[in-house]
>>> print(open('final.cif').read())   # mmCIF, C-alpha atoms (C1' of nucleotides)
data_my_file
#
loop_
_atom_site.label_atom_id
_atom_site.label_comp_id
_atom_site.auth_asym_id
_atom_site.auth_seq_id
_atom_site.Cartn_x
_atom_site.Cartn_y
_atom_site.Cartn_z
CA MET P 1007 -19.76 70.37 57.65
CA PRO P 1008 -18.37 68.01 55.13
CA LYS P 1009 -21.94 66.92 54.51
CA GLN P 1010 -22.99 68.71 51.39
CA ALA P 1011 -25.61 68.07 48.75
CA THR P 1012 -23.24 66.15 46.52
CA PRO P 1013 -25.55 63.58 45.02
CA LEU P 1014 -23.11 61.79 42.78
CA PRO P 1015 -19.62 62.80 43.73
CA HIS P 1016 -18.00 60.27 41.46
CA THR P 1017 -19.39 60.05 37.95
CA VAL P 1018 -16.60 61.17 35.73
CA LEU P 1019 -18.41 60.85 32.44
CA GLY P 1020 -21.28 63.14 31.62
CA ASP P 1021 -24.23 62.39 29.42
CA ASP P 1022 -23.47 65.26 27.15
CA THR P 1023 -19.83 64.55 26.60
CA THR P 1024 -19.11 64.93 22.92
CA CYS P 1025 -16.14 62.70 23.19
CA CYS P 1026 -16.65 60.40 20.28
CA PRO P 1027 -14.78 60.71 17.07
CA PRO P 1028 -14.08 57.05 16.36
CA LEU P 1029 -10.83 55.84 17.76
CA ALA P 1030 -9.70 54.58 14.36
CA GLN P 1031 -10.51 57.81 12.61
CA GLN P 1032 -8.75 60.34 14.74
CA ARG P 1033 -6.07 59.99 17.34
CA VAL P 1034 -7.48 60.14 20.85
CA PRO P 1035 -5.91 62.98 22.84
CA ALA P 1036 -4.28 62.23 26.14
CA ASP P 1037 -6.89 63.96 28.27
CA VAL P 1038 -9.76 62.21 26.54
CA ALA P 1039 -7.98 58.89 26.95
CA THR P 1040 -7.52 59.62 30.62
CA ALA P 1041 -11.20 60.41 30.97
CA LEU P 1042 -12.44 57.35 29.10
CA ALA P 1043 -9.99 54.68 30.19
CA PRO P 1044 -11.64 54.16 33.61
CA ALA P 1045 -14.88 53.21 31.87
CA PHE P 1046 -13.14 50.53 29.84
CA LYS P 1047 -11.22 49.41 32.89
CA ALA P 1048 -14.48 49.01 34.75
CA LEU P 1049 -15.75 46.76 31.98
CA GLY P 1050 -12.49 44.84 32.01
CA ASP P 1051 -13.63 42.35 34.61
CA PRO P 1052 -15.88 39.40 33.80
CA VAL P 1053 -18.08 39.96 36.83
CA ARG P 1054 -18.57 43.64 36.11
CA LEU P 1055 -19.20 42.96 32.45
CA GLN P 1056 -21.96 40.56 33.41
CA LEU P 1057 -23.32 42.98 36.00
CA MET P 1058 -23.37 45.71 33.39
CA SER P 1059 -25.21 43.45 30.99
CA MET P 1060 -27.69 42.30 33.59
CA ILE P 1061 -28.47 45.88 34.52
CA ALA P 1062 -28.65 47.20 30.97
CA SER P 1063 -30.80 44.35 29.75
CA ALA P 1064 -33.11 44.33 32.74
CA GLU P 1065 -36.82 44.69 32.44
CA ASN P 1066 -37.35 48.37 33.23
CA GLY P 1067 -33.79 49.34 32.55
CA GLU P 1068 -32.99 48.81 36.19
CA ALA P 1069 -32.00 45.90 38.36
CA CYS P 1070 -32.17 45.29 42.09
CA VAL P 1071 -29.00 44.34 43.90
CA CYS P 1072 -30.97 41.54 45.49
CA ASP P 1073 -31.33 40.03 42.02
CA LEU P 1074 -27.74 40.63 41.00
CA THR P 1075 -25.92 39.21 43.99
CA PRO P 1076 -27.21 35.61 43.93
CA ALA P 1077 -26.16 35.31 40.27
CA PHE P 1078 -22.53 34.99 41.32
CA ASP P 1079 -20.49 32.85 43.64
CA LEU P 1080 -19.24 35.92 45.38
CA SER P 1081 -19.97 37.58 48.68
CA GLY P 1082 -22.34 40.50 48.96
CA PRO P 1083 -19.65 43.03 49.76
CA THR P 1084 -17.68 41.97 46.72
CA ILE P 1085 -20.65 42.52 44.41
CA SER P 1086 -21.27 45.84 46.11
CA HIS P 1087 -17.68 46.78 45.47
CA HIS P 1088 -17.97 45.93 41.77
CA LEU P 1089 -21.16 47.95 41.50
CA ARG P 1090 -19.41 50.85 43.12
CA THR P 1091 -16.65 50.57 40.54
CA LEU P 1092 -19.22 50.69 37.74
CA ARG P 1093 -20.86 53.66 39.41
CA GLU P 1094 -17.62 55.57 39.82
CA ALA P 1095 -16.84 54.90 36.18
CA GLY P 1096 -20.09 56.60 35.28
CA LEU P 1097 -21.57 53.49 33.69
CA VAL P 1098 -24.48 53.04 36.08
CA GLU P 1099 -26.36 55.04 38.67
CA ALA P 1100 -27.97 53.83 41.85
CA GLU P 1101 -31.18 54.72 43.58
CA ARG P 1102 -32.63 53.48 46.82
CA ARG P 1103 -36.36 52.87 46.94
CA GLY P 1104 -37.47 51.61 50.28
CA THR P 1105 -35.62 48.53 51.26
CA TRP P 1106 -33.90 47.85 47.98
CA VAL P 1107 -31.32 49.60 45.87
CA TYR P 1108 -31.78 49.69 42.12
CA TYR P 1109 -29.09 50.19 39.53
CA ARG P 1110 -29.77 51.72 36.16
CA ALA P 1111 -27.47 51.72 33.14
CA ARG P 1112 -26.40 55.02 31.67
CA LYS P 1113 -26.92 54.10 28.07
CA THR P 1114 -25.65 57.43 26.84
CA VAL P 1115 -22.23 56.61 28.15
CA LEU P 1116 -22.37 53.11 26.71
CA SER P 1117 -23.22 54.59 23.34
CA GLN P 1118 -20.28 56.95 23.57
CA LEU P 1119 -17.92 54.08 24.21
CA ALA P 1120 -19.46 52.10 21.37
CA ALA P 1121 -19.07 55.04 19.02
CA LEU P 1122 -15.45 55.38 20.02
CA LEU P 1123 -14.72 51.79 19.09
CA ALA P 1124 -16.77 51.75 15.92
CA SER P 1125 -14.51 51.58 12.90
CA GLU P 1126 -17.05 52.90 10.49
CA GLY P 1127 -18.44 56.12 11.79
CA ARG P 1128 -19.04 58.25 8.81
CA THR P 1129 -15.53 57.89 7.59
CA THR P 1130 -15.44 60.64 5.00
CA ALA P 1131 -17.71 63.59 4.80
CA PRO P 1132 -18.52 63.94 1.08
CA MET K 231 15.02 23.37 18.38
CA PRO K 232 12.42 25.05 20.43
CA LYS K 233 12.25 27.56 17.64
CA GLN K 234 9.03 26.86 15.83
CA ALA K 235 6.86 28.86 13.50
CA THR K 236 4.50 30.09 16.17
CA PRO K 237 3.59 33.46 14.81
CA LEU K 238 0.97 34.61 17.27
CA PRO K 239 0.63 32.29 20.20
CA HIS K 240 -1.49 34.62 22.23
CA THR K 241 -4.51 36.17 20.51
CA VAL K 242 -7.53 35.11 22.46
CA LEU K 243 -10.18 36.73 20.31
CA GLY K 244 -10.74 35.48 16.81
CA ASP K 245 -11.92 37.47 13.83
CA ASP K 246 -14.88 35.25 13.31
CA THR K 247 -16.20 35.26 16.82
CA THR K 248 -19.92 35.83 16.66
CA CYS K 249 -19.96 37.21 20.14
CA CYS K 250 -22.06 40.25 19.72
CA PRO K 251 -25.65 40.43 20.78
CA PRO K 252 -25.70 43.89 22.35
CA LEU K 253 -24.97 43.90 26.03
CA ALA K 254 -28.16 45.80 26.77
CA GLN K 255 -30.31 43.46 24.76
CA GLN K 256 -29.34 40.09 26.10
CA ARG K 257 -27.51 39.08 29.23
CA VAL K 258 -23.87 38.26 28.54
CA PRO K 259 -23.07 34.69 29.60
CA ALA K 260 -20.23 34.09 31.98
CA ASP K 261 -17.93 32.44 29.45
CA VAL K 262 -18.42 35.22 26.92
CA ALA K 263 -17.76 37.79 29.61
CA THR K 264 -14.58 35.97 30.54
CA ALA K 265 -13.47 35.96 26.93
CA LEU K 266 -14.23 39.61 26.27
CA ALA K 267 -13.25 41.24 29.53
CA PRO K 268 -9.49 41.13 28.80
CA ALA K 269 -10.06 43.23 25.68
CA PHE K 270 -11.82 45.92 27.69
CA LYS K 271 -9.22 45.67 30.39
CA ALA K 272 -6.53 46.24 27.80
CA LEU K 273 -8.29 49.43 26.73
CA GLY K 274 -8.66 50.47 30.35
CA ASP K 275 -5.37 52.30 30.49
CA PRO K 276 -4.88 55.78 29.07
CA VAL K 277 -1.60 54.89 27.45
CA ARG K 278 -2.97 51.78 25.78
CA LEU K 279 -6.10 53.60 24.67
CA GLN K 280 -3.93 56.18 22.96
CA LEU K 281 -1.69 53.49 21.49
CA MET K 282 -4.74 51.71 20.16
CA SER K 283 -6.00 54.90 18.60
CA MET K 284 -2.64 55.78 17.12
CA ILE K 285 -2.37 52.34 15.55
CA ALA K 286 -5.94 52.17 14.33
CA SER K 287 -5.89 55.65 12.87
CA ALA K 288 -2.47 55.35 11.30
CA GLU K 289 -1.86 55.97 7.65
CA ASN K 290 -1.74 52.46 6.22
CA GLY K 291 -3.54 50.89 9.11
CA GLU K 292 -0.25 50.16 10.77
CA ALA K 293 2.15 52.04 12.96
CA CYS K 294 5.85 51.56 13.70
CA VAL K 295 6.94 51.26 17.30
CA CYS K 296 9.54 53.86 16.54
CA ASP K 297 6.71 56.33 15.96
CA LEU K 298 4.70 55.26 18.98
CA THR K 299 7.36 55.31 21.66
CA PRO K 300 8.43 58.98 21.46
CA ALA K 301 4.81 60.08 21.82
CA PHE K 302 4.90 59.25 25.52
CA ASP K 303 7.04 60.14 28.49
CA LEU K 304 7.66 56.47 29.12
CA SER K 305 10.57 54.14 28.61
CA GLY K 306 10.76 51.90 25.57
CA PRO K 307 10.23 48.70 27.51
CA THR K 308 7.11 50.12 29.10
CA ILE K 309 5.60 50.92 25.72
CA SER K 310 6.61 47.48 24.54
CA HIS K 311 4.85 45.98 27.52
CA HIS K 312 1.66 47.88 26.76
CA LEU K 313 1.80 46.79 23.14
CA ARG K 314 2.21 43.23 24.30
CA THR K 315 -0.88 43.61 26.46
CA LEU K 316 -2.86 44.88 23.48
CA ARG K 317 -1.52 42.00 21.41
CA GLU K 318 -2.41 39.36 23.97
CA ALA K 319 -5.88 40.85 24.21
CA GLY K 320 -6.25 40.27 20.49
CA LEU K 321 -6.66 43.95 19.70
CA VAL K 322 -3.56 44.34 17.55
CA GLU K 323 -1.09 42.17 15.72
CA ALA K 324 2.58 42.73 15.18
CA GLU K 325 4.87 42.11 12.26
CA ARG K 326 8.56 42.64 11.91
CA ARG K 327 9.80 44.03 8.62
CA GLY K 328 13.52 44.51 8.59
CA THR K 329 14.61 46.67 11.45
CA TRP K 330 11.23 47.88 12.54
CA VAL K 331 8.18 46.28 14.04
CA TYR K 332 4.77 47.36 12.84
CA TYR K 333 1.52 47.04 14.72
CA ARG K 334 -1.80 46.75 12.98
CA ALA K 335 -5.26 47.09 14.55
CA ARG K 336 -7.65 44.17 14.34
CA LYS K 337 -10.68 46.17 13.40
CA THR K 338 -12.91 43.13 13.42
CA VAL K 339 -12.39 42.76 17.12
CA LEU K 340 -12.92 46.47 17.70
CA SER K 341 -16.19 46.24 15.82
CA GLN K 342 -17.28 43.33 17.96
CA LEU K 343 -16.65 45.29 21.12
CA ALA K 344 -18.48 48.28 19.68
CA ALA K 345 -21.44 46.12 18.77
CA LEU K 346 -21.54 44.72 22.25
CA LEU K 347 -21.77 48.18 23.77
CA ALA K 348 -24.19 49.57 21.24
CA SER K 349 -27.59 50.07 22.84
CA GLU K 350 -29.50 50.12 19.61
CA GLY K 351 -28.58 47.16 17.53
CA ARG K 352 -31.62 46.18 15.63
CA THR K 353 -33.65 45.76 18.73
CA THR K 354 -36.54 43.78 17.39
CA ALA K 355 -36.54 41.57 14.36
CA PRO K 356 -39.89 42.23 12.65
"C1'" DT R 468 33.17 39.75 11.27
"C1'" DG R 469 32.23 43.55 14.25
"C1'" DT R 470 29.26 47.15 15.56
"C1'" DC R 471 25.19 49.76 16.02
"C1'" DA R 472 20.21 50.49 16.34
"C1'" DA R 473 15.49 48.83 17.23
"C1'" DC R 474 12.84 46.13 19.94
"C1'" DC R 475 11.79 42.52 23.29
"C1'" DT R 476 12.41 39.84 27.68
"C1'" DA R 477 13.68 39.38 32.68
"C1'" DG R 478 13.55 40.77 37.27
"C1'" DA R 479 12.27 44.05 40.83
"C1'" DC R 480 9.33 47.12 43.41
"C1'" DG R 481 5.59 50.28 44.87
"C1'" DA R 482 0.67 50.91 43.84
"C1'" DA R 483 -3.73 49.31 42.73
"C1'" DT R 484 -7.17 45.44 42.50
"C1'" DG R 485 -10.15 41.52 43.96
"C1'" DC R 486 -11.69 39.07 47.55
"C1'" DC R 487 -13.43 38.25 52.17
"C1'" DG R 488 -15.35 38.80 57.10
"C1'" DA R 489 -16.76 42.19 60.41
"C1'" DA R 490 -19.03 46.18 61.34
"C1'" DG R 491 -22.09 50.15 60.21
"C1'" DC R 492 -26.48 52.47 58.24
"C1'" DA R 493 -31.36 52.31 56.54
"C1'" DA R 494 -36.03 50.43 56.21
"C1'" DG R 495 -39.40 47.66 57.59
"C1'" DC R 496 -41.78 44.75 61.07
"C1'" DG R 497 -42.72 42.41 65.63
"C1'" DC L 1015 -38.59 49.96 71.10
"C1'" DG L 1016 -35.72 46.24 69.41
"C1'" DC L 1017 -34.96 42.76 65.87
"C1'" DT L 1018 -34.27 41.31 61.13
"C1'" DT L 1019 -33.03 42.07 56.38
"C1'" DG L 1020 -30.61 44.58 52.55
"C1'" DC L 1021 -26.73 46.94 51.22
"C1'" DT L 1022 -22.58 49.57 52.00
"C1'" DT L 1023 -18.20 50.72 54.13
"C1'" DC L 1024 -13.94 49.27 56.61
"C1'" DG L 1025 -9.67 46.74 57.38
"C1'" DG L 1026 -6.98 42.88 56.00
"C1'" DC L 1027 -4.47 39.95 52.90
"C1'" DA L 1028 -2.85 37.73 48.18
"C1'" DT L 1029 -2.57 38.88 43.55
"C1'" DT L 1030 -2.08 41.72 39.56
"C1'" DC L 1031 -0.48 46.03 37.30
"C1'" DG L 1032 2.52 49.82 35.69
"C1'" DT L 1033 6.91 51.20 35.60
"C1'" DC L 1034 11.78 51.04 35.67
"C1'" DT L 1035 16.81 49.32 34.76
"C1'" DA L 1036 19.63 45.75 32.85
"C1'" DG L 1037 20.39 42.37 29.63
"C1'" DG L 1038 19.21 39.78 25.36
"C1'" DT L 1039 17.95 39.06 20.15
"C1'" DT L 1040 17.32 40.42 15.58
"C1'" DG L 1041 18.52 42.79 11.45
"C1'" DA L 1042 21.35 46.30 8.77
"C1'" DC L 1043 25.68 47.79 7.33
"C1'" DA L 1044 30.76 48.71 7.01
#
>>> encode(input="final.cif", output="structure tokens")
Amino acid sequence: MPKQATPLPHTVLGDDTTCCPPLAQQRVPADVATALAPAFKALGDPVRLQLMSMIASAENGEACVCDLTPAFDLSGPTISHHLRTLREAGLVEAERRGTWVYYRARKTVLSQLAALLASEGRTTAP
Amino acid sequence: MPKQATPLPHTVLGDDTTCCPPLAQQRVPADVATALAPAFKALGDPVRLQLMSMIASAENGEACVCDLTPAFDLSGPTISHHLRTLREAGLVEAERRGTWVYYRARKTVLSQLAALLASEGRTTAP
DNA sequence: TGTCAACCTAGACGAATGCCGAAGCAAGCG
DNA sequence: CGCTTGCTTCGGCATTCGTCTAGGTTGACA
């Protein structure tokens, strides 16, 4: 019975992760770096960066794979593979509705990454 | 005399790149994605993410390699290779002063990446 | 000048990545 | 029921990546 109710077995990053003292303000510990690096790695490919943008900027916050795939000169399986990478990095989540699969951006995670890179957080508490 | 004053031949990203309508607000064009992806890829490794943080959060905004290397269980050349990757991604710049080499974070670039990931920019201009 | 220390470059090698075609599920439709 | 369409998974290559050891190159100092 390896079939269990494990809805999203991947998803390393949680929505509630309080992981975000700006990178330039406080040294990132090794374990945090290990947890966050996959997210940056997932964004470190032009195709995935575009996919991420297309999903995040889509109309209802979600995009159908059938709209994403024809935007590239790549095979369906390859796009699927990139989407899987984004999913496993915790950057998007997928949902099947009828025939089509929709991807939604996890904006909380994006915000965490943005906060980590931001130079000016609130540099000094008065 | 192939020795020329070529201080930083790599450095893809410029300080003045106006590359940053938030990813979730407007679809990232292919050429922009191609230009930015290497920066994210460079951050997509735990060691480099820590290096980046150590450099960016260092005292005078710069860190000596001699301080960075012993912080990891890795050989000197490996650290040097990671620093080179960060340098070629335009995230840091290096300078030799006497015996030691100092790395400085290019905070402008970091801010650009942060702005790209930020969900809330100023969503609608009134 | 010789020597030492700090750092980079060169070359090698196993592991991971990006890509594809083929095959497998899932939904819908005849 | 079977066929078609949408998407994923599987198995395979060629390429890139992370790491190492060995060998420079640069600067300081006796």
>>> resolve_selection(input="final.cif", expression="the PyMOL selection byres ((chain P) within 12 of (chain L))", output="PyMOL selection string")
chain P and resi 1070-1073+1075+1081-1090+1100-1108
>>> interface_residues(input="final.cif", of="chain K", to="chain P", cutoff="10 Å", atoms="all atoms listed in the file", output="MDAnalysis selection string")
chainID K and resid 252:288 291 302 335 337:350
>>> interface_residues(input="final.cif", of="chain R", to="chain P", cutoff="10 Å", atoms="all atoms listed in the file", output="list in words")
DG485, DC486, DC487, DG488, DA493, DA494 and DG495 of chain R
>>> atom_distance(input="final.cif", atom1="atom C1' of DA472 of chain R", atom2="atom CA of Glu323 of chain K")
22.9 Å
